[in-house]
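Structure, as structure tokens:
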Amino acid sequence: MFSWAASLVSLQLPIVYCWAFSCYKTESSPGFSLPGDYLLAGLFALHADCLQVRHRPQVTRCDRPGSFNGHGYHLFQAMRFSIEEINNSTALLPNISLGYELYDVCSESANVYATLRVLAQQGTDHIEMQRDLHNYSSKVVALIGPDNTDHAVTTAALLGPFLMPLISYEASSVMLSEKRQFPSFLRTIPSDKYQVEVMVLLLRSFGWVWISLIGSYGDYGQLGVQMLEELATPQGICIAFKDIVPFSAQADDLRMQQMMRHLAQARTTVIVVFSNRHLAGVFFRSVVLANLTGKVWIASEDWAISTYITNVPGIQGIGTVLGVAIRQRLVPGLKEFEESYVRALKGGPRSCPEGSWCSTNQLCRECHAFTTQSMPMLGAFSMSAAYNVYQAVYAVAHGLHQLLGCTSETCARGPVYPWQLLQQIYKVNFLLHKDTVAFDDSGDPLGDYNIIAWDWNGPEWTFQVIGSASLSPIQLDINKTKIQWHGKNNQAPTSVCTSDCLEGHHRVVVGSHHCCFECMPCEAGTFLNKSDLHICQPCGKEEWAPEGSTTCFSRTVVFLAWQDPISLALLTANTLLLLLLFGTTGLFARHLHTPVVRSAGGRLCFLMLGSLAAGSCSFYGFFGEPTVPTCLLRQPLFSLGFAVFLSCLTIPSFQLVIIFKFSTKVPTFYHTWAQNHGAGLFVIVSSTVHLLICLMWLAMWTPLPTKEYQLFPHLVILECTEVNSVGFLLAFTHNILLSISTFACSYLGKELPENYNEAKCVTFSLLLNFVSWIAFFTMTSIYQGSYLPAVYVMAGLTTLSGGFIGYFLPKCYVILCRPDLNNTEHFQASILDYTRRSGST
């Protein structure tokens with residue numbers, strides 16, 4: 001607080017200077033002051049700022065030829081009208097009269113000068129330094145204004161230490177809501193925080209994500225641009241180009257020409273202009289000179305419906321203008337009040353009364369020349385701002401009404417300190433022409449916005465309300481059919497860096513802007529979630545997706561079904577083989593003691609046929625959904641059955657070789673083999689070895705049902721895990737060794753009597769065995785799928801069929817079709833013939 005006091009000491013010199021240069025023969029216009037029990041101050045820009053270089057500090061004289069500001073004039077009259085209306089009211093401040101001191105603040109120096117005049121103590125023209133500013137009593141109790149953020153920041157900073165209520169009608173910058181810095185500031189215009197949020201919603205509602213952003217020099221434009229960029233970027237909106245219109249810019253200067261070139265190069269269809277009216281006018285004169293047309297311009301509320309901008313020559317050709325504007329309200333009776341003021345204002349300005357003096361900026365020479373026909377037209381923009389002034393004056397009056405403890409007939413009189421009134425203004429909540437007037441903790445009103453579109457009907461300009469925006473919560477409602485677009489067929493233009501990708505294509509950002517990207521299809525097995533267009537997300541384990549998909553599909557679980565045509569063919573062939581095996585068993589049982597059966601192995605044939613039948617039965621486990629029992633039994637059972645068959649097949653060939661070739665040459669070996677039942681022992685040992693291999697297979701490499709996800713993206717293969725396992729390869733190797741030994745014994749007996757010669761039959765059987773398994777391993781190396789069990793069944797069925805056809809079918813033929821060959825005489829003749837040939841050799 002003491003730092004503020006020290007600052008104010010230094011400010012007394014400019015006050016003295018201002019008074020000194022204006023007290024000689026100062027003039028004023030009627031209507032700038034009104035005596036009353038309590039005074040309110042008002043700061044209004046009745047004239048435009050004087051943009052010229054100064055060589056010494058001085059207060060700008062606002063009343064200059066050609067600088068009259070009609071908009072500020074209407075706000076000036078709105079405050080006068082409000083106070084007169086309150087003074088004539090019997091319900092509000094019934095026995096209290098309000099007065100006012102109004103100032104023309106066309107520049108920062110004039111604004112500071114007027115603020116210091118407001119702070120002057122009652123009955124004096126100076127500010128007295130006090131240790132406790134809470135009891136400071138100035139000539140006014142509250143201040144209405146000023147008109148823009150830059151001026152409001154200065155005024156709020158000066159009034160803050162005194163806690164004098166300052167209610168602005170047009171300063172919307174969000175920085176003024178900071179109560180630690182500006183404790184006495186309130187306003188009747190919504191904060192730019194809400195305006196920016198509405199702008200972003202407006203851009204998003206049309207899908208405009210590639211924009212340019214232009215601001216004006218000063219707190220209003222620069223803070224607005226900063227907030228808009230901070231809020232728009234997380235919403236997916238990219239700022240292709242951003243710039244600030246300088247304070248001293250001219251339409252045709254080099255700086256503005258460069259800005260126009262950059263705007264054209266940015267290739268954005270939509271340009272947001274967050275600017276005050278004055279610099280927006282400079283900007284659009286540059287736009288017209290650069291012939292920058294065919295754009296969509298988004299206007300901030302300060303210029304959205306301002307005739308100062310619409311009067312720029314050639315502006316009707318720039319494109320479509322949409323904007324955010326304060327909701328339109330009327331001040332009933334204001335137009336008639338202005339007309340009565342013009343009729344009452346006769347003659348020229350008057351001199352300052354003797355014994356007092358008037359401010360140098362309480363003068364409006366143009367006002368004295370007005371007639372009811374030539375007075376400034378009260379347009380929608382000025383009426384809306386005038387209503388803000390109207391609300392501000394009534395807010396002070398209601399706060400004063402509460403502070404003075406007014407009843408319906410009288411109010412208590414007494415000193416009013418600014419901080420006391422400030423507390424009461426924060427508490428006001430009343431209806432003004434069906435609108436609620438109240439302030440939140442930041443001193444901001446509970447207002448809302450209109451969304452407007454410019455409408456050119458020939459040379460005449462109007463605007464149309466196309467929607468509205470409520471502030472708590474922020475919601476946007478637009479009737480897009482009301483907009484007349486500048487493009488062909490009245491279609492809403494697009495403003496994107498890159499068009500949207502096709503479905504299932506994700507965005508790969510190119511450059512520094514996320515709005516500029518390339519489109520790449522999502523890989524198979526991934527999909528594009530619409531919540532994140534940059535990342536393709538993987539599907540679940542039980543799902544799949546083709547390339548460029550937006551969703552995942554459930555995988556189909558497949559296995560070799562019973563009803564599959566291939567399955568039916570294999571099952572038929574296997575069943576036929578089983579029937580042949582059972583038939584052959586019966587046939588051999590009936591002719592067990594015949595030479596053909598005895599030469600084939602006798603009772604050993606039943607073990608061979610049984611092993612083939614066991615192998616054949618194992619094939620039924622390859623069909624249908626794999627289960628633990630079928631996985632455990634199907635391959636090991638086949639492998640064991642075929643191993644027993646090969647072991648048995650080796651014995652007849654081996655015994656015949658011993659009988660015909662080694663019985664006489666190596667009689668000891670023959671007798672040992674015969675006496676110790678070598679045939680049976682070999683079958684038992686060989687079968688036991690293979691059984692142990694199968695048990696080890698089941699224990700160490702246990703075949704279990706499993707789901708295979710890697711082979712096909714859209715299928716889940718339900719299979720057993722035994723294919724090509726180590727246990728399978730060990731069992732297969734053992735069978736190969738048995739096959740080789742069988743072939744070797746058969747080959748050694750190729751010269752035996754024809755009835756005992758098994759070489760051709762065994763060779764045929766083993767040839768089918770080798771070919772079928774070579775085909776199987778070749779197929780498994782190139783194919784992995786639900787038909788792989790069918791390939792295994794086909795290989796196994798070929799092997800078993802080869803064994804049956806090569807070994808048993810010729811003997812069945814002899815028994816059934818050539819009984820003349822199935823007798824002892826025929827076999828003895830064959831042996832004699834073999835003996836005769838062996839002897840001659």
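Letters for chains follow the order of the structure tokens (A, B, ...), residue numbers begin at 1 for each chain, and ligand numbers begin at 1 in the order shown.
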Practice task
Give me the residues within 7 Å of A:Ser97 as a list in words, counting only C-alpha atoms and dropping any in the same chain fewer than 2 places off.
Solution key: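 Listing them by chain and then by number gives Gly36, Asp37, Tyr38, Asn87, Asn95 and Gly99 of chain A.
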Practice task
Check the DSSP output for the backbone and give back, as a ChimeraX atom specification, the residues of stretch 262-403 of chain A in helix (DSSP H, G or I).
Solution key: /A:262-266,277-289,307-310,315-317,334-344,365-368,380-403
Exercise for the section: Name all residues at most 9 Å from A:Pro30 (count only C-alpha atoms; drop same-chain ones fewer than 4 positions away) and give them as a VMD selection string. Expected result: chain A and resid 345 349 to 350 362 to 363
Exercise for the section: Go ahead and compute the interatomic distance for atom CA of A:Val105 and atom CA of A:His47, in Å to one decimal. Expected result: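 About the pair atom CA of A:Val105 and atom CA of A:His47: they are 7.7 Å apart.
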Identify, on the basis of only C-alpha atoms, every residue whose closest approach to A:Asp252 does not exceed 9 Å; exclude the query and any residue fewer than 4 positions from it along the same chain; express the result as a PDB file with N, CA, C and O atoms, in the first residue's frame.
ATOM      1  N   MET A 256       2.213  -4.036 -42.978  1.00  0.00           N
ATOM      2  CA  MET A 256       0.908  -4.625 -43.299  1.00  0.00           C
ATOM      3  C   MET A 256       0.961  -5.361 -44.640  1.00  0.00           C
ATOM      4  O   MET A 256       0.299  -6.393 -44.815  1.00  0.00           O
ATOM      5  N   GLN A 257       1.759  -4.875 -45.579  1.00  0.00           N
ATOM      6  CA  GLN A 257       1.906  -5.585 -46.854  1.00  0.00           C
ATOM      7  C   GLN A 257       2.534  -6.961 -46.634  1.00  0.00           C
ATOM      8  O   GLN A 257       2.111  -7.959 -47.238  1.00  0.00           O
ATOM      9  N   ARG A 285      -8.628  -2.555 -44.216  1.00  0.00           N
ATOM     10  CA  ARG A 285      -8.260  -1.707 -45.363  1.00  0.00           C
ATOM     11  C   ARG A 285      -7.066  -2.316 -46.089  1.00  0.00           C
ATOM     12  O   ARG A 285      -6.990  -2.271 -47.318  1.00  0.00           O
ATOM     13  N   SER A 286      -6.154  -2.945 -45.325  1.00  0.00           N
ATOM     14  CA  SER A 286      -5.028  -3.637 -45.946  1.00  0.00           C
ATOM     15  C   SER A 286      -5.502  -4.879 -46.699  1.00  0.00           C
ATOM     16  O   SER A 286      -4.984  -5.200 -47.775  1.00  0.00           O
ATOM     17  N   LEU A 289      -6.911  -3.733 -49.980  1.00  0.00           N
ATOM     18  CA  LEU A 289      -5.844  -3.320 -50.891  1.00  0.00           C
ATOM     19  C   LEU A 289      -5.105  -4.533 -51.459  1.00  0.00           C
ATOM     20  O   LEU A 289      -4.708  -4.538 -52.631  1.00  0.00           O
TER      21      LEU A 289
END
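Atom pair atom CA of A:Ala795 / atom CA of A:Gly601 has a distance of 26.5 Å (rounded to one decimal).
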Practice task
Go through A:Cys497, A:Leu378, A:Ala249, A:Val393 and flag the residue nearest A:Val209, using only C-alpha atoms for the distances.
Solution key: A:Cys497
